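Have a look at model_33.pdb below; it lists PDB, C-alpha atoms, pLDDT in the B column.
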```
ATOM      1  CA  MET A   1     -15.521  14.171 -12.861  1.00 91.00           C
ATOM      2  CA  PHE A   2     -16.220  10.458 -12.776  1.00 97.00           C
ATOM      3  CA  ASP A   3     -16.481   8.031 -15.672  1.00 98.00           C
ATOM      4  CA  ILE A   4     -17.221   4.326 -15.788  1.00 98.00           C
ATOM      5  CA  LYS A   5     -17.071   2.094 -18.850  1.00 98.00           C
ATOM      6  CA  LEU A   6     -18.348  -1.449 -19.216  1.00 97.00           C
ATOM      7  CA  MET A   7     -16.247  -3.487 -21.668  1.00 96.00           C
ATOM      8  CA  THR A   8     -18.392  -6.597 -22.065  1.00 95.00           C
ATOM      9  CA  ASP A   9     -16.061  -8.107 -24.695  1.00 95.00           C
ATOM     10  CA  LYS A  10     -13.203  -8.173 -22.142  1.00 96.00           C
ATOM     11  CA  ASN A  11     -15.256  -8.684 -18.953  1.00 97.00           C
ATOM     12  CA  GLU A  12     -13.750  -5.454 -17.695  1.00 98.00           C
ATOM     13  CA  ILE A  13     -14.902  -2.229 -16.042  1.00 98.00           C
ATOM     14  CA  LEU A  14     -12.790   0.918 -16.340  1.00 98.00           C
ATOM     15  CA  LEU A  15     -13.051   3.582 -13.643  1.00 98.00           C
ATOM     16  CA  GLU A  16     -11.814   7.129 -14.104  1.00 98.00           C
ATOM     17  CA  GLY A  17     -11.685  10.311 -12.009  1.00 97.00           C
ATOM     18  CA  ARG A  18     -13.396  10.747  -8.659  1.00 97.00           C
ATOM     19  CA  PHE A  19     -15.775   8.065  -7.354  1.00 98.00           C
ATOM     20  CA  ASP A  20     -17.564   9.932  -4.563  1.00 98.00           C
ATOM     21  CA  ALA A  21     -21.028   9.806  -2.990  1.00 97.00           C
ATOM     22  CA  SER A  22     -22.567  11.871  -5.789  1.00 97.00           C
ATOM     23  CA  GLN A  23     -21.601   9.199  -8.357  1.00 98.00           C
ATOM     24  CA  THR A  24     -23.036   6.045  -6.820  1.00 97.00           C
ATOM     25  CA  ASP A  25     -26.203   5.921  -8.989  1.00 97.00           C
ATOM     26  CA  LYS A  26     -24.117   6.196 -12.146  1.00 98.00           C
ATOM     27  CA  ALA A  27     -21.805   3.411 -10.938  1.00 98.00           C
ATOM     28  CA  LYS A  28     -24.657   1.140  -9.774  1.00 98.00           C
ATOM     29  CA  GLU A  29     -26.220   1.315 -13.256  1.00 98.00           C
ATOM     30  CA  ILE A  30     -23.081  -0.338 -14.626  1.00 98.00           C
ATOM     31  CA  PHE A  31     -22.235  -2.731 -11.779  1.00 98.00           C
ATOM     32  CA  ASN A  32     -25.826  -4.017 -11.706  1.00 97.00           C
ATOM     33  CA  GLN A  33     -25.388  -5.254 -15.289  1.00 97.00           C
ATOM     34  CA  VAL A  34     -22.486  -7.518 -14.283  1.00 97.00           C
ATOM     35  CA  ASN A  35     -23.387 -11.164 -13.776  1.00 96.00           C
ATOM     36  CA  SER A  36     -20.064 -12.949 -14.205  1.00 97.00           C
ATOM     37  CA  THR A  37     -16.463 -12.491 -13.060  1.00 98.00           C
ATOM     38  CA  TYR A  38     -15.182  -9.071 -14.119  1.00 98.00           C
ATOM     39  CA  SER A  39     -11.935  -7.195 -13.708  1.00 98.00           C
ATOM     40  CA  VAL A  40     -12.179  -3.585 -12.442  1.00 98.00           C
ATOM     41  CA  ASP A  41      -9.343  -1.353 -13.625  1.00 98.00           C
ATOM     42  CA  PHE A  42      -8.473   1.489 -11.216  1.00 98.00           C
ATOM     43  CA  ALA A  43      -5.567   2.854 -13.287  1.00 98.00           C
ATOM     44  CA  LYS A  44      -7.322   6.160 -14.048  1.00 98.00           C
ATOM     45  CA  LEU A  45      -9.185   6.467 -10.750  1.00 98.00           C
ATOM     46  CA  ASP A  46      -7.847   9.297  -8.569  1.00 97.00           C
ATOM     47  CA  TYR A  47     -10.171   9.009  -5.603  1.00 97.00           C
ATOM     48  CA  ILE A  48     -12.759   6.766  -3.974  1.00 98.00           C
ATOM     49  CA  SER A  49     -14.721   7.219  -0.741  1.00 98.00           C
ATOM     50  CA  SER A  50     -16.750   4.842   1.436  1.00 97.00           C
ATOM     51  CA  ALA A  51     -19.714   5.396  -0.925  1.00 97.00           C
ATOM     52  CA  GLY A  52     -17.711   3.930  -3.808  1.00 98.00           C
ATOM     53  CA  LEU A  53     -16.518   1.034  -1.662  1.00 97.00           C
ATOM     54  CA  SER A  54     -20.127   0.264  -0.778  1.00 97.00           C
ATOM     55  CA  VAL A  55     -21.048  -0.135  -4.466  1.00 97.00           C
ATOM     56  CA  LEU A  56     -18.157  -2.571  -4.924  1.00 97.00           C
ATOM     57  CA  LEU A  57     -19.056  -4.479  -1.751  1.00 96.00           C
ATOM     58  CA  MET A  58     -22.717  -4.786  -2.767  1.00 96.00           C
ATOM     59  CA  THR A  59     -21.685  -6.138  -6.179  1.00 97.00           C
ATOM     60  CA  GLN A  60     -19.158  -8.559  -4.690  1.00 97.00           C
ATOM     61  CA  LYS A  61     -21.759  -9.979  -2.289  1.00 96.00           C
ATOM     62  CA  ARG A  62     -24.199 -10.555  -5.158  1.00 97.00           C
ATOM     63  CA  LEU A  63     -21.609 -12.077  -7.505  1.00 97.00           C
ATOM     64  CA  THR A  64     -20.002 -14.442  -5.003  1.00 96.00           C
ATOM     65  CA  GLU A  65     -23.394 -16.018  -4.238  1.00 95.00           C
ATOM     66  CA  ALA A  66     -23.303 -17.331  -7.816  1.00 96.00           C
ATOM     67  CA  GLY A  67     -19.616 -18.266  -7.699  1.00 97.00           C
ATOM     68  CA  ASN A  68     -18.390 -15.145  -9.540  1.00 98.00           C
ATOM     69  CA  GLN A  69     -16.416 -12.125  -8.348  1.00 98.00           C
ATOM     70  CA  LEU A  70     -14.920  -8.707  -9.071  1.00 98.00           C
ATOM     71  CA  LYS A  71     -11.129  -8.660  -9.387  1.00 98.00           C
ATOM     72  CA  LEU A  72      -9.502  -5.261  -8.826  1.00 98.00           C
ATOM     73  CA  CYS A  73      -6.298  -4.008 -10.421  1.00 98.00           C
ATOM     74  CA  ASN A  74      -3.988  -1.008 -10.896  1.00 98.00           C
ATOM     75  CA  MET A  75      -4.860   0.883  -7.690  1.00 97.00           C
ATOM     76  CA  SER A  76      -2.932   3.968  -6.599  1.00 96.00           C
ATOM     77  CA  LYS A  77      -1.095   3.901  -3.264  1.00 95.00           C
ATOM     78  CA  HIS A  78      -3.771   6.057  -1.555  1.00 95.00           C
ATOM     79  CA  ILE A  79      -6.635   3.886  -2.750  1.00 97.00           C
ATOM     80  CA  LYS A  80      -4.855   0.652  -1.845  1.00 96.00           C
ATOM     81  CA  GLU A  81      -4.277   1.955   1.687  1.00 95.00           C
ATOM     82  CA  ILE A  82      -7.961   2.538   2.330  1.00 95.00           C
ATOM     83  CA  PHE A  83      -8.885  -0.838   0.823  1.00 96.00           C
ATOM     84  CA  ASN A  84      -6.400  -2.498   3.164  1.00 95.00           C
ATOM     85  CA  TYR A  85      -7.652  -0.501   6.150  1.00 94.00           C
ATOM     86  CA  ALA A  86     -11.245  -1.524   5.366  1.00 95.00           C
ATOM     87  CA  GLY A  87     -10.150  -5.157   5.148  1.00 95.00           C
ATOM     88  CA  PHE A  88     -11.289  -5.233   1.521  1.00 95.00           C
ATOM     89  CA  ASP A  89      -7.997  -6.875   0.573  1.00 95.00           C
ATOM     90  CA  MET A  90      -9.448 -10.014   2.210  1.00 94.00           C
ATOM     91  CA  ILE A  91     -12.690  -9.995   0.233  1.00 95.00           C
ATOM     92  CA  PHE A  92     -11.400  -8.891  -3.184  1.00 97.00           C
ATOM     93  CA  GLU A  93      -8.573 -10.262  -5.270  1.00 97.00           C
ATOM     94  CA  ILE A  94      -6.362  -7.192  -5.809  1.00 96.00           C
ATOM     95  CA  ASP A  95      -3.512  -7.113  -8.358  1.00 92.00           C
TER      96      ASP A  95
ATOM     97  CA  MET B   1     -11.172  29.993   5.413  1.00 95.00           C
ATOM     98  CA  GLU B   2     -14.838  29.371   6.074  1.00 97.00           C
ATOM     99  CA  LYS B   3     -17.742  28.537   3.813  1.00 98.00           C
ATOM    100  CA  LYS B   4     -21.317  27.303   4.069  1.00 98.00           C
ATOM    101  CA  PHE B   5     -22.575  24.505   1.860  1.00 98.00           C
ATOM    102  CA  LYS B   6     -26.074  23.475   0.886  1.00 97.00           C
ATOM    103  CA  ARG B   7     -27.042  20.187   2.566  1.00 97.00           C
ATOM    104  CA  ASP B   8     -26.989  18.136  -0.605  1.00 96.00           C
ATOM    105  CA  VAL B   9     -24.847  15.337  -2.001  1.00 97.00           C
ATOM    106  CA  ASN B  10     -24.385  17.487  -5.099  1.00 95.00           C
ATOM    107  CA  SER B  11     -22.514  20.087  -3.005  1.00 97.00           C
ATOM    108  CA  LEU B  12     -19.574  17.686  -2.842  1.00 97.00           C
ATOM    109  CA  GLN B  13     -17.788  19.145  -5.846  1.00 97.00           C
ATOM    110  CA  GLU B  14     -17.895  22.569  -4.150  1.00 98.00           C
ATOM    111  CA  VAL B  15     -16.548  21.030  -0.925  1.00 98.00           C
ATOM    112  CA  PHE B  16     -13.619  19.482  -2.833  1.00 98.00           C
ATOM    113  CA  THR B  17     -12.905  22.787  -4.584  1.00 97.00           C
ATOM    114  CA  PHE B  18     -12.888  24.541  -1.192  1.00 98.00           C
ATOM    115  CA  ILE B  19     -10.457  21.969   0.284  1.00 97.00           C
ATOM    116  CA  GLU B  20      -8.175  22.198  -2.755  1.00 96.00           C
ATOM    117  CA  SER B  21      -8.157  26.028  -2.615  1.00 97.00           C
ATOM    118  CA  PHE B  22      -7.080  25.776   1.025  1.00 97.00           C
ATOM    119  CA  ILE B  23      -4.282  23.333   0.159  1.00 96.00           C
ATOM    120  CA  GLU B  24      -3.078  25.752  -2.497  1.00 95.00           C
ATOM    121  CA  ALA B  25      -3.428  28.846  -0.281  1.00 95.00           C
ATOM    122  CA  ILE B  26      -1.262  27.427   2.504  1.00 94.00           C
ATOM    123  CA  LYS B  27       1.137  25.788   0.005  1.00 92.00           C
ATOM    124  CA  LEU B  28       0.525  22.328   1.410  1.00 93.00           C
ATOM    125  CA  ASP B  29       1.908  19.325  -0.419  1.00 90.00           C
ATOM    126  CA  LYS B  30      -0.722  18.090  -2.897  1.00 89.00           C
ATOM    127  CA  SER B  31      -0.397  14.563  -1.513  1.00 89.00           C
ATOM    128  CA  PHE B  32      -2.692  15.723   1.316  1.00 93.00           C
ATOM    129  CA  THR B  33      -5.543  16.218  -1.166  1.00 94.00           C
ATOM    130  CA  PHE B  34      -6.733  12.597  -1.007  1.00 96.00           C
ATOM    131  CA  SER B  35      -6.975  12.337   2.777  1.00 95.00           C
ATOM    132  CA  LEU B  36      -8.469  15.815   3.302  1.00 97.00           C
ATOM    133  CA  ASN B  37     -11.069  15.313   0.583  1.00 97.00           C
ATOM    134  CA  LEU B  38     -11.899  11.912   2.051  1.00 98.00           C
ATOM    135  CA  VAL B  39     -12.491  13.133   5.619  1.00 98.00           C
ATOM    136  CA  ALA B  40     -14.435  16.149   4.331  1.00 98.00           C
ATOM    137  CA  GLU B  41     -16.665  13.976   2.142  1.00 98.00           C
ATOM    138  CA  GLU B  42     -17.300  11.359   4.822  1.00 97.00           C
ATOM    139  CA  LEU B  43     -18.274  13.898   7.470  1.00 97.00           C
ATOM    140  CA  PHE B  44     -20.265  16.149   5.131  1.00 98.00           C
ATOM    141  CA  ILE B  45     -22.223  13.193   3.670  1.00 97.00           C
ATOM    142  CA  ASN B  46     -22.882  11.870   7.163  1.00 95.00           C
ATOM    143  CA  MET B  47     -24.441  15.219   8.082  1.00 96.00           C
ATOM    144  CA  VAL B  48     -26.452  15.338   4.839  1.00 96.00           C
ATOM    145  CA  LYS B  49     -27.707  11.751   5.177  1.00 92.00           C
ATOM    146  CA  TYR B  50     -28.800  11.807   8.803  1.00 90.00           C
ATOM    147  CA  ASN B  51     -30.555  15.190   8.707  1.00 90.00           C
ATOM    148  CA  SER B  52     -31.746  15.350   5.135  1.00 87.00           C
ATOM    149  CA  GLU B  53     -34.849  17.454   5.946  1.00 89.00           C
ATOM    150  CA  ASN B  54     -32.887  20.096   7.853  1.00 93.00           C
ATOM    151  CA  PRO B  55     -32.954  23.359   5.831  1.00 95.00           C
ATOM    152  CA  ASN B  56     -29.747  24.763   7.352  1.00 96.00           C
ATOM    153  CA  ASN B  57     -26.489  24.856   5.474  1.00 97.00           C
ATOM    154  CA  ILE B  58     -23.406  23.066   6.819  1.00 98.00           C
ATOM    155  CA  SER B  59     -20.431  25.235   7.687  1.00 98.00           C
ATOM    156  CA  ILE B  60     -16.835  24.133   7.116  1.00 98.00           C
ATOM    157  CA  SER B  61     -13.814  26.089   8.283  1.00 98.00           C
ATOM    158  CA  LEU B  62     -10.201  25.218   7.540  1.00 97.00           C
ATOM    159  CA  LYS B  63      -7.061  26.571   9.105  1.00 97.00           C
ATOM    160  CA  LYS B  64      -3.436  25.766   9.746  1.00 96.00           C
ATOM    161  CA  ALA B  65      -2.097  26.376  13.240  1.00 94.00           C
ATOM    162  CA  ASN B  66       1.582  25.613  13.780  1.00 90.00           C
ATOM    163  CA  ASN B  67       1.948  22.029  12.593  1.00 92.00           C
ATOM    164  CA  ASP B  68      -1.730  21.167  12.642  1.00 95.00           C
ATOM    165  CA  LEU B  69      -4.457  21.285  10.051  1.00 96.00           C
ATOM    166  CA  ILE B  70      -7.788  22.038  11.685  1.00 97.00           C
ATOM    167  CA  LEU B  71     -11.048  21.232   9.914  1.00 98.00           C
ATOM    168  CA  LYS B  72     -14.181  22.362  11.723  1.00 98.00           C
ATOM    169  CA  PHE B  73     -17.685  21.257  10.665  1.00 98.00           C
ATOM    170  CA  MET B  74     -20.754  22.943  12.144  1.00 98.00           C
ATOM    171  CA  ASP B  75     -24.232  21.491  11.767  1.00 97.00           C
ATOM    172  CA  TYR B  76     -27.132  23.631  13.037  1.00 96.00           C
ATOM    173  CA  ASP B  77     -30.426  22.597  14.664  1.00 96.00           C
ATOM    174  CA  VAL B  78     -29.600  18.893  14.934  1.00 96.00           C
ATOM    175  CA  GLU B  79     -29.819  16.140  17.548  1.00 94.00           C
ATOM    176  CA  PRO B  80     -26.495  15.259  19.217  1.00 94.00           C
ATOM    177  CA  PHE B  81     -24.359  12.583  17.570  1.00 93.00           C
ATOM    178  CA  ASP B  82     -20.889  12.177  19.009  1.00 95.00           C
ATOM    179  CA  ILE B  83     -18.761  10.484  16.366  1.00 94.00           C
ATOM    180  CA  THR B  84     -15.956   9.968  18.864  1.00 94.00           C
ATOM    181  CA  GLN B  85     -18.184   7.468  20.710  1.00 93.00           C
ATOM    182  CA  THR B  86     -18.875   5.191  17.745  1.00 90.00           C
ATOM    183  CA  GLU B  87     -17.847   1.527  17.811  1.00 86.00           C
ATOM    184  CA  ASP B  88     -14.495   0.414  16.477  1.00 86.00           C
ATOM    185  CA  TYR B  89     -14.517  -0.989  12.977  1.00 88.00           C
ATOM    186  CA  ASP B  90     -13.826  -4.695  12.441  1.00 87.00           C
ATOM    187  CA  PRO B  91     -11.936  -5.125   9.136  1.00 88.00           C
ATOM    188  CA  LYS B  92     -11.830  -8.924   9.501  1.00 88.00           C
ATOM    189  CA  LYS B  93     -15.529  -9.653   9.025  1.00 88.00           C
ATOM    190  CA  PRO B  94     -16.236 -12.192   6.278  1.00 87.00           C
ATOM    191  CA  LEU B  95     -17.882 -10.880   3.114  1.00 87.00           C
ATOM    192  CA  GLN B  96     -21.399 -12.196   3.720  1.00 84.00           C
ATOM    193  CA  GLU B  97     -21.504 -10.740   7.274  1.00 86.00           C
ATOM    194  CA  ARG B  98     -20.577  -7.264   6.113  1.00 88.00           C
ATOM    195  CA  GLN B  99     -23.259  -4.590   6.049  1.00 86.00           C
ATOM    196  CA  ILE B 100     -23.337  -1.976   3.307  1.00 88.00           C
ATOM    197  CA  GLY B 101     -22.173   1.361   4.738  1.00 87.00           C
ATOM    198  CA  GLY B 102     -20.548   2.236   8.053  1.00 88.00           C
ATOM    199  CA  LEU B 103     -17.068   2.872   6.671  1.00 93.00           C
ATOM    200  CA  GLY B 104     -17.178   6.668   6.663  1.00 95.00           C
ATOM    201  CA  ILE B 105     -16.458   7.334  10.344  1.00 95.00           C
ATOM    202  CA  PRO B 106     -13.699   4.660  10.536  1.00 94.00           C
ATOM    203  CA  PHE B 107     -12.019   6.363   7.554  1.00 95.00           C
ATOM    204  CA  ILE B 108     -12.167   9.724   9.351  1.00 96.00           C
ATOM    205  CA  LYS B 109     -10.684   8.162  12.502  1.00 95.00           C
ATOM    206  CA  LYS B 110      -7.867   6.652  10.470  1.00 93.00           C
ATOM    207  CA  MET B 111      -7.005   9.799   8.529  1.00 94.00           C
ATOM    208  CA  VAL B 112      -6.853  12.345  11.362  1.00 96.00           C
ATOM    209  CA  ASP B 113      -4.973  12.472  14.649  1.00 96.00           C
ATOM    210  CA  LYS B 114      -7.640  13.944  16.886  1.00 97.00           C
ATOM    211  CA  ILE B 115     -11.426  14.416  16.802  1.00 97.00           C
ATOM    212  CA  LEU B 116     -13.269  16.822  19.108  1.00 98.00           C
ATOM    213  CA  TYR B 117     -17.044  16.882  19.507  1.00 98.00           C
ATOM    214  CA  GLU B 118     -19.065  19.732  21.009  1.00 97.00           C
ATOM    215  CA  TYR B 119     -22.832  20.159  21.210  1.00 97.00           C
ATOM    216  CA  GLU B 120     -24.354  23.435  22.264  1.00 97.00           C
ATOM    217  CA  ASN B 121     -27.634  25.215  21.441  1.00 97.00           C
ATOM    218  CA  ARG B 122     -28.585  22.338  19.109  1.00 96.00           C
ATOM    219  CA  CYS B 123     -25.406  22.870  17.090  1.00 97.00           C
ATOM    220  CA  SER B 124     -22.941  20.012  16.575  1.00 97.00           C
ATOM    221  CA  THR B 125     -19.347  21.075  16.074  1.00 98.00           C
ATOM    222  CA  ILE B 126     -16.868  18.442  14.970  1.00 98.00           C
ATOM    223  CA  THR B 127     -13.214  19.421  14.833  1.00 98.00           C
ATOM    224  CA  LEU B 128     -10.725  17.221  13.014  1.00 98.00           C
ATOM    225  CA  ILE B 129      -7.022  17.773  13.665  1.00 97.00           C
ATOM    226  CA  LYS B 130      -4.302  16.357  11.463  1.00 95.00           C
ATOM    227  CA  HIS B 131      -0.647  16.749  12.399  1.00 93.00           C
ATOM    228  CA  LEU B 132       1.474  17.785   9.479  1.00 89.00           C
ATOM    229  CA  ARG B 133       4.553  15.966  10.745  1.00 72.00           C
ATOM    230  CA  LYS B 134       2.781  12.641  10.315  1.00 54.00           C
ATOM    231  CA  ALA B 135       3.348  10.842   7.030  1.00 48.00           C
ATOM    232  CA  ASN B 136       0.203  11.468   5.069  1.00 50.00           C
ATOM    233  CA  VAL B 137      -2.047   8.821   3.635  1.00 49.00           C
TER     234      VAL B 137
END
```
This structure in structure tokens:
Amino acid sequence: MFDIKLMTDKNEILLEGRFDASQTDKAKEIFNQVNSTYSVDFAKLDYISSAGLSVLLMTQKRLTEAGNQLKLCNMSKHIKEIFNYAGFDMIFEID
Amino acid sequence: MEKKFKRDVNSLQEVFTFIESFIEAIKLDKSFTFSLNLVAEELFINMVKYNSENPNNISISLKKANNDLILKFMDYDVEPFDITQTEDYDPKKPLQERQIGGLGIPFIKKMVDKILYEYENRCSTITLIKHLRKANV
């Protein structure tokens, strides 16, 4: 199960469950609506694969061209490890 | 344990269920779920993506031998593609130079201790070995 919620009033995206390759279209629908700096909350996300990271990377590239960005927070230990390994800790602000 | 999966991104849930049944059957610590699901997804999706027209199912077998977990993926009637010979990943590339994709195989290489590649009779067999003594990610 994977769920994604866009909270436009708070400039926040909430992720929940398992963000795998079968969920990228669902995630892109939401991330493509973002045109300013947003916070992405990983608190309820159990799992993410390279497919999920690609959606985040694509969005970050688009946003930074206009001086905006995604800021990521509340990652689990497992998820943080793969972000660090991918070097994504250098291209995203992670709290 | 061995099972064949339809070559489709929507088979992923079944792949995860298979991995989690294995973890339960051998009474493995549940903290291995993340890394085993990740390597299984990355390799399975790689096979789906690069041979999408191939009608054959993909076979996955899982076993524990002494202190090793052995995950074997078999892909039938395919061209050779030796994942052990792929380039090393550069995590220091600046954002705008990064291409979308290409993280799957580096994740597999990070998560397991050994990767074996065999190609015979147009069948690719990729064996991933993870030592249980190693602190799991």
Expected answer as number ranges by chain: chain A residues within 8 Å of chain B, all atoms listed in the file: A: 20-22, 47-51, 54, 57-58, 61, 78, 81-82, 85-88, 90-91
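In this comparison, which uses all atoms listed in the file, the residue of A:Leu14, A:Leu6, A:Met1, A:Leu56 approaching Asp41 in chain A most closely is A:Leu14.
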Find the residues near Ile94 in chain A: any atom within 6 Å, counting all atoms listed in the file, skip ones fewer than 2 places away on the same chain, and give them as a list in words. Leu72, Cys73 and Phe92 of chain A
Name every residue that the PyMOL selection byres ((chain A and resi 75) around 6) selects in this structure, writing the answer as an mmCIF file with C-alpha atoms, keeping the file's coordinate frame with chains first and numbers rising.
```cif
data_model
loop_
_atom_site.group_PDB
_atom_site.id
_atom_site.type_symbol
_atom_site.label_atom_id
_atom_site.label_comp_id
_atom_site.auth_asym_id
_atom_site.auth_seq_id
_atom_site.Cartn_x
_atom_site.Cartn_y
_atom_site.Cartn_z
ATOM 1 C CA PHE A 42 -8.473 1.489 -11.216
ATOM 2 C CA ALA A 43 -5.567 2.854 -13.287
ATOM 3 C CA CYS A 73 -6.298 -4.008 -10.421
ATOM 4 C CA ASN A 74 -3.988 -1.008 -10.896
ATOM 5 C CA SER A 76 -2.932 3.968 -6.599
ATOM 6 C CA LYS A 80 -4.855 0.652 -1.845
#
```
Would you kindly translate the PyMOL selection byres ((chain B and resi 71) around 8) into the concrete residues it picks from this file, as number ranges by chain? B: 60-63, 69-70, 72-73, 127-129
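Each of A:Asp9, A:Leu15, A:Ile79, A:Asn84 was checked against Lys44 in chain A using all atoms listed in the file; the smallest atom-to-atom distance is that of A:Leu15.
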List, as a ChimeraX atom specification, every residue that the PyMOL selection byres ((chain A and resi 17) around 7) selects in the file provided. /A:1-3,16,18-19,44-47
Just C-alpha atoms for this one: save the residues we selected as a PDB file, keeping the file's coordinate frame.
```
ATOM      1  CA  MET A   1     -15.521  14.171 -12.861  1.00 91.00           C
ATOM      2  CA  PHE A   2     -16.220  10.458 -12.776  1.00 97.00           C
ATOM      3  CA  ASP A   3     -16.481   8.031 -15.672  1.00 98.00           C
ATOM      4  CA  GLU A  16     -11.814   7.129 -14.104  1.00 98.00           C
ATOM      5  CA  ARG A  18     -13.396  10.747  -8.659  1.00 97.00           C
ATOM      6  CA  PHE A  19     -15.775   8.065  -7.354  1.00 98.00           C
ATOM      7  CA  LYS A  44      -7.322   6.160 -14.048  1.00 98.00           C
ATOM      8  CA  LEU A  45      -9.185   6.467 -10.750  1.00 98.00           C
ATOM      9  CA  ASP A  46      -7.847   9.297  -8.569  1.00 97.00           C
ATOM     10  CA  TYR A  47     -10.171   9.009  -5.603  1.00 97.00           C
TER      11      TYR A  47
END
```
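CA of Gln85 in chain B is found 22.1 Å from CA of Ser52 in chain B.
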Hey, could you pull the box centre and edge lengths for range 39-45 of chain A, axis-aligned, 6 Å padding per side, all listed atoms, to one decimal in Å, as AutoDock Vina command-line options?
```
--center_x -8.9 --center_y -0.4 --center_z -12.4 --size_x 18.6 --size_y 25.7 --size_z 15.3
```
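One distance worth recording is that between CA of Lys3 in chain B and CA of Leu43 in chain B, which is 15.1 Å.
In this comparison, which uses only C-alpha atoms, the residue of B:Val112, B:Ser59, B:Asn46, B:Asp29 approaching Val15 in chain B most closely is B:Ser59.
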Please work out which residues fall within 7 Å of (-29.0, 18.2, 11.7), coordinates as given in the file, with all atoms listed in the file counting, and return them as JSON, numbers by chain. {"B": [47, 51, 54, 75, 76, 77, 78, 79]}
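When only C-alpha atoms are used to measure the gap to Glu20 in chain B, the shortest distance among B:Phe32, B:Val48, B:Asp113, B:His131 belongs to B:Phe32.
Between CA of Phe18 in chain B and CA of Arg122 in chain B lies a distance of 25.8 Å.
Considering all atoms listed in the file, the residue among B:Met74, B:Ile115, B:Ile126, B:Met1 positioned nearest to Ile26 in chain B is B:Met1.
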